[in-house]
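The structure under discussion appears below in the form of structure tokens.
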Amino acid sequence: MSFEFFLARRYLKAKRKEGFISLITFLSVAGVAVGVMALVIVISVMSGAETNFRKKILGLEPHILVMNYSGKFDQYNSIESRIEGLDQVKNVSPLVFSQAMIRSGKNFSGVMLRGIDPESKIRLIQGFSPSELESALRKGRPGTTAPGIILGKELARKLGVDKGESVILVSPSGIASPIGHVPSMKRFSVTGTFSSGMYEYDSAMAYIHIDEAVQYGGGQGVSALGLWIDDVFKVKSFVKNNLSFLDPPFYVNDWMDINKSLFSALKLEKTAMFIILTLIILVAAFNIASALIMMVMEKTRDIAVLKAMGATNRAIRKIFMIKGMIIGIAGTMLGSFFGVGVCMLLSRYKFIHLPEAYPFSTLPVQLNPVDVFVIAASAILICFCSTIYPAVKASRMNPVEALRYG
């Protein structure tokens, strides 16, 4: 053991008359621990929220959309066949997007209508297998010829309808007649509801069979081709390397671009929380600096004696920097331990429940080792910086003056 480390460890054990310095040291450790623990928990919750949003969105939306500037996608079969032959492609399915009014016997509402192909290999609606989806969209209520429609859970509640009841879709495009423009209307039978966990989708989205959607839209045709690939995080490189053959009027949108504002806001909030909570560690670092400065003033005679015995300025600096780093590392380790422990408890037992206004019922937690490492490294770096001034001040002390006035 070097004598610098030996003295730094001894100085941590304050004598009775130096009890106030010992209290500051304890508060410094506690401050660093609280700051690191808060950072680990908050960043884990933010990461969990981001992952939760991504899973819910990708459970409803294709990874990539191939669209046409004209708004309709005629003769898409050749493009669909070419895309299906590409590596990493799990599924390709035509989609129809439109807006309409939906009316029940009790209420009415605007609706985002989506026409889907139930024969697709991918699960297009959570809670419905392909076979169940085919049955639900092809067949309506027994004894009627009305086709089926699947409503979002909140939309069904808003309309006051249940499974087996009828609704009427009113198209804004409509048809031309001798008396003017008349909206087209068609009766559908509610064959099921879905819950994505996201209110924006559950309160405004409905699914019908793609054939019905094309017919209902006045022959506008397919709106887009939806692509699902193996790795959702490689959509940019996939588009660049595999879909370059799509020339105008075709264009491509991926899930990252479509939801860019949402994930940018989450990333900005995560960064802001990191900066704000780092201030707690910064306050604790000031406490470390204060404790070291007071220690330097208290140990003036000891420093003078050490210098008179041949200790170099570098050795004196190391003594106080080691003492400060012991405080910082101890606080960081404690904070990381308790932060990870709280996150594991939240993830396993889910004892914090959120109101229905949130897209998740319990507090989402995703513990990322990289985030914990970055937080711990940042805390140690801040603590190291706080030791520089007191250590330099101690090393520059004149031993003659210190012995005379110490």
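By order in the structure tokens, chains are A, B, ...; within a chain, residues start at 1; ligands start at 1, following the order shown.
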Near Leu225 (chain A), within 10 Å and counting only C-alpha atoms, which residues show up once chain neighbours fewer than 6 positions away are dropped, as a tab-separated table (two decimals) with N, CA and C atoms, in the first residue's frame?
```tsv
chain	number	residue	atom	x	y	z
A	62	PRO	N	-46.81	-1.09	-40.24
A	62	PRO	CA	-45.72	-1.78	-40.95
A	62	PRO	C	-44.38	-1.11	-40.64
A	64	ILE	N	-42.12	-0.55	-42.96
A	64	ILE	CA	-41.85	0.32	-44.10
A	64	ILE	C	-43.12	0.42	-44.94
A	65	LEU	N	-43.39	1.63	-45.45
A	65	LEU	CA	-44.52	1.85	-46.35
A	65	LEU	C	-44.00	2.29	-47.72
A	66	VAL	N	-44.43	1.59	-48.77
A	66	VAL	CA	-44.14	2.00	-50.14
A	66	VAL	C	-45.41	2.65	-50.67
A	67	MET	N	-45.32	3.94	-51.05
A	67	MET	CA	-46.50	4.70	-51.43
A	67	MET	C	-46.30	5.36	-52.78
A	68	ASN	N	-47.39	5.95	-53.28
A	68	ASN	CA	-47.39	6.61	-54.57
A	68	ASN	C	-47.80	8.06	-54.37
A	73	PHE	N	-52.32	3.27	-55.56
A	73	PHE	CA	-51.23	2.37	-55.92
A	73	PHE	C	-51.77	1.33	-56.91
A	76	TYR	N	-49.83	-2.91	-58.37
A	76	TYR	CA	-48.78	-3.10	-57.37
A	76	TYR	C	-48.25	-4.52	-57.32
A	77	ASN	N	-48.88	-5.44	-58.03
A	77	ASN	CA	-48.50	-6.86	-57.92
A	77	ASN	C	-47.07	-7.13	-58.32
A	79	ILE	N	-44.48	-5.06	-58.19
A	79	ILE	CA	-43.58	-4.54	-57.15
A	79	ILE	C	-43.64	-5.43	-55.91
A	80	GLU	N	-44.85	-5.89	-55.56
A	80	GLU	CA	-45.00	-6.76	-54.40
A	80	GLU	C	-44.21	-8.05	-54.58
A	83	ILE	N	-40.46	-7.35	-54.17
A	83	ILE	CA	-40.06	-7.09	-52.78
A	83	ILE	C	-40.09	-8.38	-51.96
A	92	VAL	N	-45.07	-8.88	-47.01
A	92	VAL	CA	-45.51	-7.71	-47.77
A	92	VAL	C	-47.01	-7.81	-47.91
A	93	SER	N	-47.71	-6.71	-47.62
A	93	SER	CA	-49.17	-6.75	-47.68
A	93	SER	C	-49.70	-5.41	-48.17
A	94	PRO	N	-50.69	-5.43	-49.08
A	94	PRO	CA	-51.32	-4.17	-49.51
A	94	PRO	C	-52.20	-3.60	-48.41
A	95	LEU	N	-52.30	-2.28	-48.38
A	95	LEU	CA	-53.10	-1.60	-47.36
A	95	LEU	C	-53.91	-0.48	-48.01
A	96	VAL	N	-55.04	-0.19	-47.41
A	96	VAL	CA	-55.86	0.94	-47.83
A	96	VAL	C	-56.08	1.85	-46.64
A	252	VAL	N	-40.79	5.98	-50.33
A	252	VAL	CA	-40.74	5.07	-49.18
A	252	VAL	C	-40.74	5.86	-47.88
```
Out of region 10-124 of chain A, which residues get strand (DSSP E) from DSSP, as a VMD selection string? chain A and resid 64 to 68 89 to 103 108 to 116
Would you tabulate, counting only C-alpha atoms, all residues of region 29-118 of chain A that have an atom at most 9 Å from an atom of region 123-127 of chain A, showing the closest pair of atoms and their distance in Å to one decimal, sorted by chain then ascending number, as JSON lines?
```
{"residue": "A:Gly59", "atom": "CA", "partner": "A:Gln126", "partner_atom": "CA", "distance": 6.8}
{"residue": "A:Leu60", "atom": "CA", "partner": "A:Ile125", "partner_atom": "CA", "distance": 6.5}
{"residue": "A:Glu61", "atom": "CA", "partner": "A:Leu124", "partner_atom": "CA", "distance": 8.1}
{"residue": "A:Pro62", "atom": "CA", "partner": "A:Leu124", "partner_atom": "CA", "distance": 8.7}
{"residue": "A:Ile116", "atom": "CA", "partner": "A:Leu124", "partner_atom": "CA", "distance": 7.9}
{"residue": "A:Asp117", "atom": "CA", "partner": "A:Leu124", "partner_atom": "CA", "distance": 8.7}
{"residue": "A:Pro118", "atom": "CA", "partner": "A:Leu124", "partner_atom": "CA", "distance": 7.8}
```
Near Ile316 (chain A), within 9 Å and counting only C-alpha atoms, which residues show up once chain neighbours fewer than 3 positions away are dropped, as a ChimeraX atom specification? /A:4,303,306-307,311-313,319-321,391-392,394-395
Taking into account only C-alpha atoms, which residue in the set A:Asn91, A:Thr387, A:Ser171, A:Ser47 is nearest to Ile122 (chain A)?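 Of the candidates, the smallest distance to Ile122 (chain A) is held by A:Asn91.
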Region 326-339 of chain A: which residues within 9 Å, counting only C-alpha atoms, same-chain residues fewer than 5 positions away excluded, as a ChimeraX atom specification? /A:8-9,12,25-26,28-41,284-285,288,321,344,372,375-377,379-384
CA of Leu367 (chain A) and CA of Gly48 (chain A) are how many Å apart?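 Interatomic distance here is 7.8 Å.
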